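Source file: model10.tsv; contents: TSV, C-alpha atoms and all ligand atoms.
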chain	number	residue	atom	x	y	z
A	1	MET	CA	163.20	-161.40	-61.02
A	2	ASN	CA	161.26	-161.48	-57.79
A	3	ASP	CA	163.57	-164.09	-56.43
A	4	GLN	CA	166.49	-161.94	-57.26
A	5	ALA	CA	164.91	-158.90	-55.70
A	6	ARG	CA	164.17	-160.87	-52.56
A	7	SER	CA	167.67	-162.10	-52.54
A	8	LEU	CA	169.17	-158.64	-52.76
A	9	ARG	CA	166.70	-157.31	-50.27
A	10	SER	CA	167.64	-160.04	-47.88
A	11	ILE	CA	171.30	-159.16	-48.29
A	12	ALA	CA	170.34	-155.66	-47.34
A	13	ARG	CA	168.07	-156.77	-44.52
A	14	GLU	CA	170.08	-159.58	-43.02
A	15	GLN	CA	172.10	-156.95	-41.31
A	16	GLY	CA	169.01	-155.94	-39.41
A	17	GLN	CA	169.81	-158.50	-36.77
A	18	PRO	CA	170.87	-157.78	-33.21
A	19	GLY	CA	173.90	-155.57	-33.13
A	20	ARG	CA	172.65	-153.27	-35.80
A	21	PRO	CA	172.69	-149.69	-34.64
A	22	ASP	CA	169.59	-147.71	-34.08
A	23	GLU	CA	167.33	-147.43	-37.16
A	24	ALA	CA	167.79	-143.69	-37.04
A	25	CYS	CA	171.47	-144.24	-37.86
A	26	ALA	CA	170.79	-146.47	-40.84
A	27	PRO	CA	172.09	-145.00	-44.07
A	28	ARG	CA	169.87	-143.96	-46.90
A	29	VAL	CA	170.32	-146.44	-49.70
A	30	ILE	CA	169.67	-144.77	-53.02
A	31	ALA	CA	169.92	-146.20	-56.54
A	32	VAL	CA	170.71	-143.77	-59.32
A	33	THR	CA	169.51	-145.18	-62.59
A	34	SER	CA	168.35	-144.31	-66.09
A	35	GLY	CA	166.63	-146.06	-68.91
A	36	LYS	CA	169.08	-144.90	-71.53
A	37	GLY	CA	172.86	-144.85	-71.21
A	38	GLY	CA	174.97	-141.75	-71.57
A	39	VAL	CA	172.50	-139.44	-69.83
A	40	GLY	CA	174.94	-138.34	-67.12
A	41	LYS	CA	174.13	-140.79	-64.37
A	42	THR	CA	177.69	-141.48	-63.31
A	43	ASN	CA	178.47	-137.78	-63.32
A	44	VAL	CA	175.46	-137.10	-61.11
A	45	VAL	CA	176.40	-139.91	-58.70
A	46	LEU	CA	180.01	-138.89	-58.39
A	47	ASN	CA	179.55	-135.16	-58.10
A	48	ALA	CA	176.50	-135.30	-55.85
A	49	SER	CA	178.31	-137.78	-53.60
A	50	ILE	CA	181.34	-135.53	-53.30
A	51	THR	CA	179.10	-132.56	-52.55
A	52	LEU	CA	177.30	-134.52	-49.84
A	53	ALA	CA	180.64	-135.57	-48.39
A	54	PHE	CA	181.86	-131.99	-48.29
A	55	GLY	CA	178.72	-131.22	-46.34
A	56	GLY	CA	179.85	-133.72	-43.72
A	57	ALA	CA	177.96	-136.82	-44.80
A	58	ARG	CA	179.64	-140.20	-44.89
A	59	VAL	CA	179.08	-141.42	-48.42
A	60	VAL	CA	179.70	-144.84	-49.90
A	61	VAL	CA	179.30	-145.25	-53.65
A	62	LEU	CA	178.65	-148.67	-55.11
A	63	ASP	CA	179.97	-148.62	-58.65
A	64	ALA	CA	177.68	-151.11	-60.31
A	65	ASP	CA	177.68	-149.50	-63.74
A	66	LEU	CA	179.32	-152.03	-65.98
A	67	GLY	CA	179.16	-149.88	-69.06
A	68	LEU	CA	181.89	-147.63	-70.27
A	69	GLY	CA	182.66	-144.46	-68.40
A	70	ASN	CA	181.89	-145.75	-64.95
A	71	ILE	CA	183.23	-144.20	-61.79
A	72	ASP	CA	186.70	-145.72	-61.88
A	73	VAL	CA	187.25	-144.54	-65.44
A	74	MET	CA	185.88	-141.13	-64.56
A	75	LEU	CA	188.46	-140.80	-61.80
A	76	GLY	CA	191.29	-142.54	-63.64
A	77	ILE	CA	191.59	-145.30	-61.08
A	78	VAL	CA	192.03	-149.01	-61.67
A	79	PRO	CA	190.48	-151.12	-58.94
A	80	ARG	CA	192.33	-154.35	-58.31
A	81	TYR	CA	189.57	-156.21	-56.56
A	82	THR	CA	185.79	-156.12	-56.58
A	83	LEU	CA	182.90	-157.35	-54.47
A	84	ALA	CA	183.29	-160.73	-56.17
A	85	HIS	CA	186.66	-161.16	-54.44
A	86	VAL	CA	185.09	-160.23	-51.12
A	87	ALA	CA	182.40	-162.82	-51.64
A	88	ALA	CA	185.06	-165.40	-52.40
A	89	GLY	CA	186.66	-164.55	-49.08
A	90	GLU	CA	189.90	-163.60	-50.82
A	91	VAL	CA	189.97	-160.07	-49.50
A	92	GLY	CA	188.04	-157.90	-47.09
A	93	ILE	CA	185.89	-154.95	-48.00
A	94	ALA	CA	188.67	-152.58	-46.94
A	95	ASP	CA	190.90	-154.11	-49.62
A	96	ILE	CA	188.53	-153.38	-52.47
A	97	GLU	CA	187.45	-149.96	-51.32
A	98	VAL	CA	188.91	-147.08	-53.31
A	99	PRO	CA	189.16	-143.75	-51.51
A	100	GLY	CA	187.58	-141.07	-53.66
A	101	PRO	CA	187.69	-137.29	-53.69
A	102	GLY	CA	186.25	-135.49	-50.69
A	103	GLY	CA	186.38	-138.63	-48.58
A	104	ILE	CA	183.81	-140.65	-50.51
A	105	ARG	CA	184.41	-144.39	-50.49
A	106	ILE	CA	184.01	-146.24	-53.76
A	107	ILE	CA	183.14	-149.92	-53.83
A	108	PRO	CA	183.69	-151.52	-57.24
A	109	CYS	CA	181.00	-154.14	-57.76
A	110	GLY	CA	182.81	-155.76	-60.65
A	111	SER	CA	181.32	-158.23	-62.99
A	112	GLY	CA	177.67	-158.13	-62.28
A	113	ILE	CA	175.69	-158.22	-59.10
A	114	THR	CA	173.62	-160.94	-60.73
A	115	SER	CA	176.38	-163.49	-60.42
A	116	LEU	CA	176.94	-162.42	-56.82
A	117	LEU	CA	173.37	-163.36	-56.04
A	118	ARG	CA	173.90	-166.90	-57.19
A	119	LEU	CA	176.72	-167.51	-54.79
A	120	PRO	CA	176.90	-170.48	-52.48
A	121	GLU	CA	175.78	-169.76	-48.93
A	122	SER	CA	179.27	-169.42	-47.46
A	123	GLU	CA	180.30	-166.84	-50.02
A	124	ARG	CA	177.07	-164.99	-49.61
A	125	ALA	CA	177.75	-164.76	-45.89
A	126	HIS	CA	181.07	-163.02	-46.58
A	127	LEU	CA	179.27	-160.52	-48.72
A	128	VAL	CA	176.53	-159.93	-46.18
A	129	SER	CA	178.91	-159.22	-43.35
A	130	ALA	CA	181.01	-156.97	-45.56
A	131	LEU	CA	177.98	-154.97	-46.57
A	132	ALA	CA	176.80	-154.82	-42.95
A	133	ALA	CA	180.09	-153.25	-41.95
A	134	LEU	CA	179.70	-150.66	-44.68
A	135	GLU	CA	176.21	-149.85	-43.61
A	136	ARG	CA	177.31	-149.04	-40.11
A	137	GLU	CA	179.78	-146.48	-41.42
A	138	ALA	CA	177.66	-144.59	-43.91
A	139	ASP	CA	174.99	-141.93	-44.02
A	140	PHE	CA	174.38	-142.49	-47.72
A	141	ILE	CA	174.94	-145.56	-49.84
A	142	ILE	CA	174.56	-144.46	-53.42
A	143	VAL	CA	174.43	-147.07	-56.16
A	144	ASP	CA	175.34	-146.20	-59.73
A	145	THR	CA	173.28	-148.96	-61.31
A	146	GLY	CA	174.14	-148.48	-64.95
A	147	ALA	CA	171.52	-148.04	-67.61
A	148	GLY	CA	168.71	-150.25	-68.76
A	149	LEU	CA	166.68	-152.93	-67.11
A	150	SER	CA	168.99	-155.91	-66.93
A	151	PRO	CA	168.36	-158.33	-64.05
A	152	GLY	CA	171.21	-156.80	-62.06
A	153	VAL	CA	169.82	-153.28	-62.40
A	154	VAL	CA	166.29	-154.38	-61.55
A	155	GLY	CA	167.65	-156.25	-58.55
A	156	PHE	CA	169.09	-153.03	-57.21
A	157	LEU	CA	165.92	-151.08	-57.97
A	158	ALA	CA	163.96	-153.63	-56.01
A	159	ALA	CA	166.33	-153.60	-53.06
A	160	VAL	CA	167.07	-149.98	-52.38
A	161	GLU	CA	164.96	-147.56	-50.39
A	162	GLU	CA	164.96	-144.65	-52.79
A	163	VAL	CA	165.46	-144.31	-56.52
A	164	ILE	CA	166.79	-141.39	-58.53
A	165	VAL	CA	166.02	-141.55	-62.24
A	166	VAL	CA	168.23	-139.46	-64.50
A	167	THR	CA	166.99	-138.44	-67.93
A	168	THR	CA	167.86	-135.94	-70.61
A	169	PRO	CA	165.14	-133.99	-72.43
A	170	GLU	CA	165.43	-136.33	-75.44
A	171	PRO	CA	162.20	-138.21	-76.14
A	172	THR	CA	164.03	-141.56	-76.23
A	173	SER	CA	165.60	-140.88	-72.85
A	174	ILE	CA	162.25	-139.83	-71.38
A	175	ALA	CA	160.53	-142.94	-72.72
A	176	ASP	CA	163.24	-145.18	-71.27
A	177	ALA	CA	163.12	-143.31	-67.95
A	178	TYR	CA	159.38	-143.90	-67.84
A	179	ALA	CA	159.93	-147.62	-68.44
A	180	THR	CA	162.30	-147.58	-65.45
A	181	VAL	CA	159.75	-145.83	-63.24
A	182	LYS	CA	157.23	-148.45	-64.27
A	183	VAL	CA	159.54	-151.24	-63.17
A	184	VAL	CA	160.20	-149.51	-59.83
A	185	SER	CA	156.46	-149.11	-59.29
A	186	HIS	CA	156.07	-152.89	-59.72
A	187	GLU	CA	159.17	-154.14	-57.98
A	188	ASN	CA	159.46	-151.62	-55.17
A	189	PRO	CA	156.24	-149.63	-54.83
A	190	ALA	CA	157.22	-148.15	-51.46
A	191	ALA	CA	160.38	-146.50	-52.80
A	192	PRO	CA	160.16	-142.77	-53.42
A	193	VAL	CA	161.14	-141.99	-57.01
A	194	MET	CA	163.07	-138.79	-57.68
A	195	LEU	CA	163.93	-137.25	-61.02
A	196	VAL	CA	166.97	-135.38	-62.31
A	197	VAL	CA	166.78	-133.83	-65.76
A	198	ASN	CA	170.30	-133.51	-67.09
A	199	MET	CA	171.72	-131.71	-70.12
A	200	ALA	CA	168.78	-129.40	-70.67
A	201	ARG	CA	169.60	-126.44	-72.87
A	202	ASP	CA	167.30	-124.12	-70.98
A	203	LEU	CA	164.69	-124.06	-68.28
A	204	GLN	CA	161.83	-124.57	-70.67
A	205	GLU	CA	163.32	-127.74	-72.09
A	206	ALA	CA	164.01	-129.07	-68.58
A	207	GLU	CA	160.51	-128.24	-67.37
A	208	ASP	CA	158.90	-129.84	-70.39
A	209	ALA	CA	160.85	-133.05	-69.91
A	210	ALA	CA	160.09	-133.20	-66.19
A	211	GLU	CA	156.44	-132.49	-66.75
A	212	LYS	CA	156.06	-135.16	-69.40
A	213	ILE	CA	157.40	-137.96	-67.27
A	214	THR	CA	155.82	-136.72	-64.04
A	215	LEU	CA	152.33	-136.42	-65.46
A	216	VAL	CA	152.41	-139.74	-67.27
A	217	ALA	CA	153.78	-141.55	-64.20
A	218	LYS	CA	151.04	-140.07	-62.04
A	219	ARG	CA	148.29	-140.84	-64.50
A	220	PHE	CA	149.25	-144.35	-65.56
A	221	LEU	CA	151.31	-145.66	-62.67
A	222	GLN	CA	149.94	-143.61	-59.77
A	223	VAL	CA	153.54	-142.74	-58.94
A	224	ASN	CA	154.30	-139.27	-57.60
A	225	ILE	CA	157.75	-138.45	-58.86
A	226	LYS	CA	159.64	-135.89	-56.84
A	227	LEU	CA	161.62	-133.50	-58.95
A	228	LEU	CA	165.06	-133.40	-57.45
A	229	GLY	CA	166.57	-130.94	-59.88
A	230	PHE	CA	167.85	-129.95	-63.27
A	231	VAL	CA	171.46	-129.93	-64.41
A	232	PRO	CA	172.05	-127.73	-67.44
A	233	ARG	CA	174.11	-128.79	-70.41
A	234	ASP	CA	177.46	-127.38	-69.44
A	235	LEU	CA	180.82	-127.59	-71.20
A	236	CYS	CA	182.54	-127.84	-67.84
A	237	VAL	CA	181.12	-131.33	-67.42
A	238	ALA	CA	182.65	-132.68	-70.60
A	239	ARG	CA	185.93	-130.88	-69.87
A	240	ALA	CA	186.13	-132.32	-66.38
A	241	VAL	CA	185.39	-135.81	-67.73
A	242	MET	CA	188.28	-135.46	-70.18
A	243	GLN	CA	190.53	-134.44	-67.29
A	244	GLN	CA	189.27	-137.32	-65.16
A	245	LYS	CA	188.35	-134.89	-62.40
A	246	PRO	CA	184.89	-134.44	-60.88
A	247	PHE	CA	183.42	-131.17	-62.15
A	248	VAL	CA	182.39	-130.00	-58.68
A	249	LEU	CA	186.08	-129.99	-57.77
A	250	ARG	CA	187.55	-128.82	-61.05
A	251	TYR	CA	184.94	-126.15	-61.80
A	252	PRO	CA	183.14	-125.51	-58.50
A	253	SER	CA	181.30	-122.42	-59.66
A	254	CYS	CA	180.16	-123.66	-63.06
A	255	PRO	CA	176.40	-123.99	-63.62
A	256	ALA	CA	176.45	-127.79	-63.38
A	257	SER	CA	178.27	-127.66	-60.02
A	258	ARG	CA	175.74	-125.21	-58.65
A	259	ALA	CA	172.91	-127.38	-59.87
A	260	VAL	CA	174.42	-130.45	-58.23
A	261	GLY	CA	174.82	-128.43	-55.04
A	262	GLU	CA	171.08	-127.82	-55.06
A	263	ILE	CA	170.41	-131.48	-55.68
A	264	ALA	CA	172.61	-132.49	-52.76
A	265	ASN	CA	170.84	-129.97	-50.53
A	266	ARG	CA	167.47	-131.30	-51.45
A	267	LEU	CA	168.60	-134.86	-50.93
A	268	GLN	CA	169.79	-133.99	-47.49
A	269	GLY	CA	166.85	-133.58	-45.27
A	270	ARG	CA	164.97	-131.19	-47.41
A	271	GLY	CA	163.27	-133.79	-49.57
A	272	ASP	CA	159.79	-132.50	-48.83
A	273	GLU	CA	160.52	-129.36	-50.76
A	274	ALA	CA	160.58	-131.46	-53.89
A	275	ALA	CA	157.08	-132.73	-53.32
A	276	SER	CA	155.60	-131.64	-56.59
A	277	LEU	CA	156.51	-130.28	-59.95
A	278	GLN	CA	154.23	-127.33	-59.44
A	279	GLY	CA	155.65	-126.36	-56.09
A	280	PHE	CA	159.12	-126.63	-57.43
A	281	VAL	CA	159.20	-125.39	-60.94
A	282	GLY	CA	156.80	-122.61	-60.21
A	283	GLN	CA	159.02	-121.07	-57.56
A	284	GLY	CA	162.46	-121.73	-56.22
A	285	LEU	CA	163.91	-124.07	-58.76
A	286	ALA	CA	162.83	-122.06	-61.76
A	287	GLY	CA	164.48	-118.99	-60.36
A	288	PHE	CA	167.57	-120.96	-59.53
A	289	PHE	CA	167.76	-122.49	-62.97
A	290	ARG	CA	167.36	-119.14	-64.65
A	291	LYS	CA	170.16	-117.78	-62.56
A	292	ILE	CA	172.61	-120.54	-63.30
A	293	SER	CA	171.63	-120.69	-66.96
A	294	SER	CA	172.29	-117.04	-67.41
A	295	ARG	CA	175.78	-117.50	-66.00
A	296	SER	CA	176.79	-120.01	-68.63
B	301	LIG	N1	175.26	-131.66	-67.75
B	301	LIG	C1	176.07	-132.04	-68.75
B	301	LIG	N2	176.52	-131.14	-69.64
B	301	LIG	C2	177.34	-131.52	-70.67
B	301	LIG	N3	177.74	-132.76	-70.87
B	301	LIG	C3	177.33	-133.73	-70.01
B	301	LIG	C4	176.48	-133.42	-68.91
B	301	LIG	N4	176.26	-134.56	-68.22
B	301	LIG	C5	176.92	-135.54	-68.88
B	301	LIG	N5	177.57	-135.05	-69.95
B	301	LIG	C6	178.39	-135.78	-70.92
B	301	LIG	O1	177.81	-137.03	-71.13
B	301	LIG	C7	178.76	-138.07	-70.99
B	301	LIG	C8	178.11	-139.28	-70.34
B	301	LIG	O2	177.91	-139.02	-68.96
B	301	LIG	P1	177.90	-140.22	-67.90
B	301	LIG	O3	177.76	-139.60	-66.54
B	301	LIG	O4	179.03	-141.14	-68.15
B	301	LIG	O5	176.53	-140.92	-68.33
B	301	LIG	P2	175.93	-142.34	-67.90
B	301	LIG	O6	176.55	-142.74	-66.61
B	301	LIG	O7	174.46	-142.08	-67.78
B	301	LIG	O8	176.24	-143.30	-69.01
B	301	LIG	C9	179.89	-137.47	-70.17
B	301	LIG	O9	181.11	-137.99	-70.58
B	301	LIG	C10	179.82	-136.00	-70.44
B	301	LIG	O10	180.70	-135.64	-71.46
B	302	MG	MG	177.67	-144.45	-66.17

Encoded form using structure tokens:
Amino acid sequence: MNDQARSLRSIAREQGQPGRPDEACAPRVIAVTSGKGGVGKTNVVLNASITLAFGGARVVVLDADLGLGNIDVMLGIVPRYTLAHVAAGEVGIADIEVPGPGGIRIIPCGSGITSLLRLPESERAHLVSALAALEREADFIIVDTGAGLSPGVVGFLAAVEEVIVVTTPEPTSIADAYATVKVVSHENPAAPVMLVVNMARDLQEAEDAAEKITLVAKRFLQVNIKLLGFVPRDLCVARAVMQQKPFVLRYPSCPASRAVGEIANRLQGRGDEAASLQGFVGQGLAGFFRKISSRS
């Protein structure tokens, strides 16, 4: 595992050679993950990315979720090539990139980052230079890691700079999210961990879920989880998924879209606001959540 993490990290870092632009221009590389599948991760990635892009950010999404309902399915697109083809030198990164709504750029990772890490040196070099090019052109690189703690997912968690954990209020989802936070705390202790509670029925349920995981992580892992936001259970999400359209575009004023708007705002430069559950839930976010919940 550590070898793999190092390997991924070195892919990410090898671009830090001469020629790399100023550190201040480096994109934020964020993994969006969850313990359990089906919690809304891909929806959060896609819709938050589009919202960030509408705000002027250059966003690249790495679609590394190999489960069902990943980003290509959600948008009704069929990628012809993946990162594996880039590594093989068959095509360039521009050939695999799929333009997404709002100007986001989607990179299909294909069949497992794990196999990409075991590539011969020459193929790895293709991949490194392709990723370096991407990095120069992005403000955010957002990775939809898929669920669980497979070696590929853990590799990403170890390599990125920030991690967003998505959970629902279900106890099984919370327990699996906690297991993910635990792995991040081992593999990548410097990475800030942020939390999104999705599909809560009301504010109380969202707060309870956030509090459970936040308190336990602080007590047992000494990890301070930043609460990034809540997305309410909202019929618009399921409807938009059926229509293969991102809900922020299809239903821009629905509660989930507003909630994602807040998440994107907080992600963009206002991260400090999310410093603690108390600061957040006690004031702004609670009020916000009440407002959007009462609109549904
Ligand atoms: N906030 C929400 N409200 C209602 N349904 C949701 C919400 N978020 C996700 N869903 C439903 O859950 C399904 C799974 O979401 P998805 O983003 O594919 O999860 P994951 O990527 O974690 O597997 C979606 O198809 C959608 O119908
Ligand atoms: Mg998914």

Q: Let me have all residues with an atom within 10 Å of ligand LIG 301 (chain B), counting only C-alpha atoms and all ligand atoms, laid out as a ChimeraX atom specification.
A: /A:32-47,65-71,73-74,144-147,166-168,197-201,230-242,244,247,255-257,259-260

Q: Kindly give the distance, in Å, that separates atom CA of Ala158 of chain A and atom CA of Gly56 of chain A, rounded to a single decimal.
A: 28.3 Å

Using all atoms listed in the file and a cutoff of 9 Å, can you tell me which residues are near (159.2, -153.9, -57.3) in the file's coordinates, and write them out as a PDB file with C-alpha atoms, in the frame of the given file?
ATOM      1  CA  ASN A   2     161.260-161.480 -57.790  1.00  0.00           C
ATOM      2  CA  ALA A   5     164.910-158.900 -55.700  1.00  0.00           C
ATOM      3  CA  VAL A 154     166.290-154.380 -61.550  1.00  0.00           C
ATOM      4  CA  GLY A 155     167.650-156.250 -58.550  1.00  0.00           C
ATOM      5  CA  LEU A 157     165.920-151.080 -57.970  1.00  0.00           C
ATOM      6  CA  ALA A 158     163.960-153.630 -56.010  1.00  0.00           C
ATOM      7  CA  ALA A 159     166.330-153.600 -53.060  1.00  0.00           C
ATOM      8  CA  VAL A 183     159.540-151.240 -63.170  1.00  0.00           C
ATOM      9  CA  VAL A 184     160.200-149.510 -59.830  1.00  0.00           C
ATOM     10  CA  SER A 185     156.460-149.110 -59.290  1.00  0.00           C
ATOM     11  CA  HIS A 186     156.070-152.890 -59.720  1.00  0.00           C
ATOM     12  CA  GLU A 187     159.170-154.140 -57.980  1.00  0.00           C
ATOM     13  CA  ASN A 188     159.460-151.620 -55.170  1.00  0.00           C
ATOM     14  CA  PRO A 189     156.240-149.630 -54.830  1.00  0.00           C
ATOM     15  CA  ALA A 190     157.220-148.150 -51.460  1.00  0.00           C
ATOM     16  CA  ALA A 191     160.380-146.500 -52.800  1.00  0.00           C
TER      17      ALA A 191
END

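Going from atom CA of Val165 of chain A to atom CA of Met194 of chain A covers 6.1 Å.
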
Q: Write out as a list in words the residues lying within 12 Å of Gly89 of chain A, counting all atoms listed in the file and excluding same-chain residues fewer than 4 positions away.
A: Tyr81, Thr82, Leu83, Ala84, His85, Ile93, Asp95, Ile96, Leu119, Pro120, Ser122, Glu123, Arg124, Ala125, His126, Leu127, Val128, Ser129 and Ala130 of chain A

Q) Which residue out of A:Lys226, A:Lys212, A:Lys245, A:Arg28 has the minimum interatomic distance to Arg136 of chain A when all atoms listed in the file are used? A)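 Selected residue with least distance to Arg136 of chain A: A:Arg28.
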
Q: Identify the residues within 12 Å of coordinate (162.1, -139.2, -75.9) (same frame as the file), considering all atoms listed in the file, and give the answer as a PyMOL selection string.
A: chain A and resi 35-36+167-179+208-210+212-213

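Atom CA of Ser49 of chain A is found 14.9 Å from atom CA of Arg250 of chain A.
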
Q | Minimum-distance residue to ligand MG 302 (chain B), chosen among A:Glu135, A:Glu161, A:Asp63, A:Asp202 (using all atoms listed in the file) | A | A:Asp63

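Of the listed residues (A:Ile77, A:Val143, A:Ala57, A:Val29), A:Val143 comes nearest to ligand MG 302 (chain B); the distances count all atoms listed in the file.
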
Q) Quick one: of A:Glu97, A:Arg266, A:Ile141, A:Asp72, who's nearest to ligand MG 302 (chain B), counting only C-alpha atoms and all ligand atoms? A) A:Asp72

Q | Residue among A:Ala64, A:Leu221, A:Val216, A:Leu267 lying closest to ligand MG 302 (chain B), counting all atoms listed in the file | A | A:Ala64

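Each of A:Pro27, A:Gly148, A:Pro192, A:Gly103 was compared to ligand MG 302 (chain B) using only C-alpha atoms and all ligand atoms, and A:Gly148 turns out to be the nearest.
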
Enclose all atoms of segment 160-173 of chain A listed in the file in an axis-aligned box, grow every side by 6 Å, and hand back centre and edge lengths in Å to one decimal, as AutoDock Vina command-line options.
--center_x 165.2 --center_y -142.0 --center_z -63.3 --size_x 18.0 --size_y 28.0 --size_z 37.8
